[in-house]
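First up is the structure itself, then whatever we jot down about it.
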Amino acid sequence: MSGRKPPLPDELALFKAAVGDAHPLPHHGKREPATPQIQPIPKQRIRDEQQALVDSLSDHISYEDSMDAGEELVFLRTGLRRDTLKKLRRGHWVLQGELDLHGLVSAEARQAVNAFISTCQKCGVRCVRIIHGKGLGSKNREPILRTRVKHWLMQKDEVLAFCQARAVDGGSGAVVVLLKSPNTQSKGST
């Protein structure tokens with residue numbers, strides 16, 4: 001037992017006298033409301049997904065790719081028509097979102113790009129602009145994020161194509177990205 005002592009005979013007699021004429025309440029036919037079960041928060045799965053997001057894009061850049069700073073950023077997923085890229089360059093699709101990477105270091109920028117692309121996919125956003133800057137504020141005034149953003153985007157299956165933004169949309173300091181439609185599974189749909 002839990003250390004309780006049995007009631008004294010006087011206490012028991014007092015209790016019986018107090019509730020002696022009590023009767024159970026009649027059954028009213030109602031049920032007690034069920035208490036809603038609170039769903040557990042999958043904290044480890046959330047941490048795993050966040051880490052997978054961080055790890056999903058590599059920072060490895062080959063020597064040849066690091067030397068292409070003067071070239072226009074352009075990418076078209078295999079199997080897509082060339083006119084897709086032409087339409088993207090001409091602003092055929094309305095920009096539905098924007099991510100500005102100014103002031104971020106590489107690791108922060110990678111996380112931001114990952115999260116942004118993921119959010120865009122969930123929301124059904126198809127065309128976005130990512131502003132990586134021209135490198136004027138970076139060490140040696142080199143556009144470090146420009147090349148990294150290019151490689152990160154090429155690694156994302158959700159990205160169909162991208163190109164340097166038009167001058168009115170940021171020029172060489174930004175890239176316009178065309179994403180897969182969230183309701184299509186094939187890479188070749190636009």
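Identifiers for the structure tokens are assigned positionally: chains receive A, B, ... in sequence, residues are indexed from 1 per chain, and ligands are indexed from 1 in the order shown.
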Exercise for review: May I have the residues within 7 Å of segment 93-100 of chain A as a ChimeraX atom specification, using only C-alpha atoms and disregarding those fewer than 4 positions away in the same chain?
Suggested key: /A:88,125,127-132
Expected file contents, prior selection, C-alpha atoms, as a PDB file, in the first residue's frame:
ATOM      1  CA  LEU A  88      12.686  32.421 -69.522  1.00  0.00           C
ATOM      2  CA  VAL A 125       5.412  28.694 -57.406  1.00  0.00           C
ATOM      3  CA  CYS A 127       9.201  31.191 -61.624  1.00  0.00           C
ATOM      4  CA  VAL A 128      11.412  32.983 -59.102  1.00  0.00           C
ATOM      5  CA  ARG A 129      14.377  35.317 -58.911  1.00  0.00           C
ATOM      6  CA  ILE A 130      17.374  34.678 -56.708  1.00  0.00           C
ATOM      7  CA  ILE A 131      19.554  37.718 -56.107  1.00  0.00           C
ATOM      8  CA  HIS A 132      23.119  36.599 -55.461  1.00  0.00           C
TER       9      HIS A 132
END
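Excluding Arg82 of chain A itself and same-chain residues fewer than 4 positions from it, the residues having an atom within 12 Å of it are Val74, Phe75, Leu76, Arg77, Thr78, Lys86, Lys87, Leu88, Arg89, Leu160, Ala161, Phe162, Gly188 and Thr190 of chain A, counting only C-alpha atoms.
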Check your understanding: So what do you get for atom CA of Leu145 of chain A versus atom CA of Leu101 of chain A, distance-wise?
Key -> 8.3 Å
Review point. How far is it from atom CA of Leu153 of chain A to atom CA of Ala167 of chain A, in Å with one decimal?
Key: 20.8 Å
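The strand (DSSP E or B) portion of segment 80-126 of chain A consists of Gly97, Glu98, Leu99 and Asp100 of chain A, with states taken from DSSP on the backbone.
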Keeping C-alpha atoms for every residue in the selection just given, could you write it to a file as a compact mmCIF listing (two decimals), in the first residue's frame?
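As a result, part-v6.txt now contains:
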# COMPACT_ATOMS: atom_id res chain seq x y z
CA GLY A 97 8.90 34.94 -55.64
CA GLU A 98 12.27 36.35 -54.77
CA LEU A 99 15.19 35.46 -52.53
CA ASP A 100 17.87 38.03 -51.73
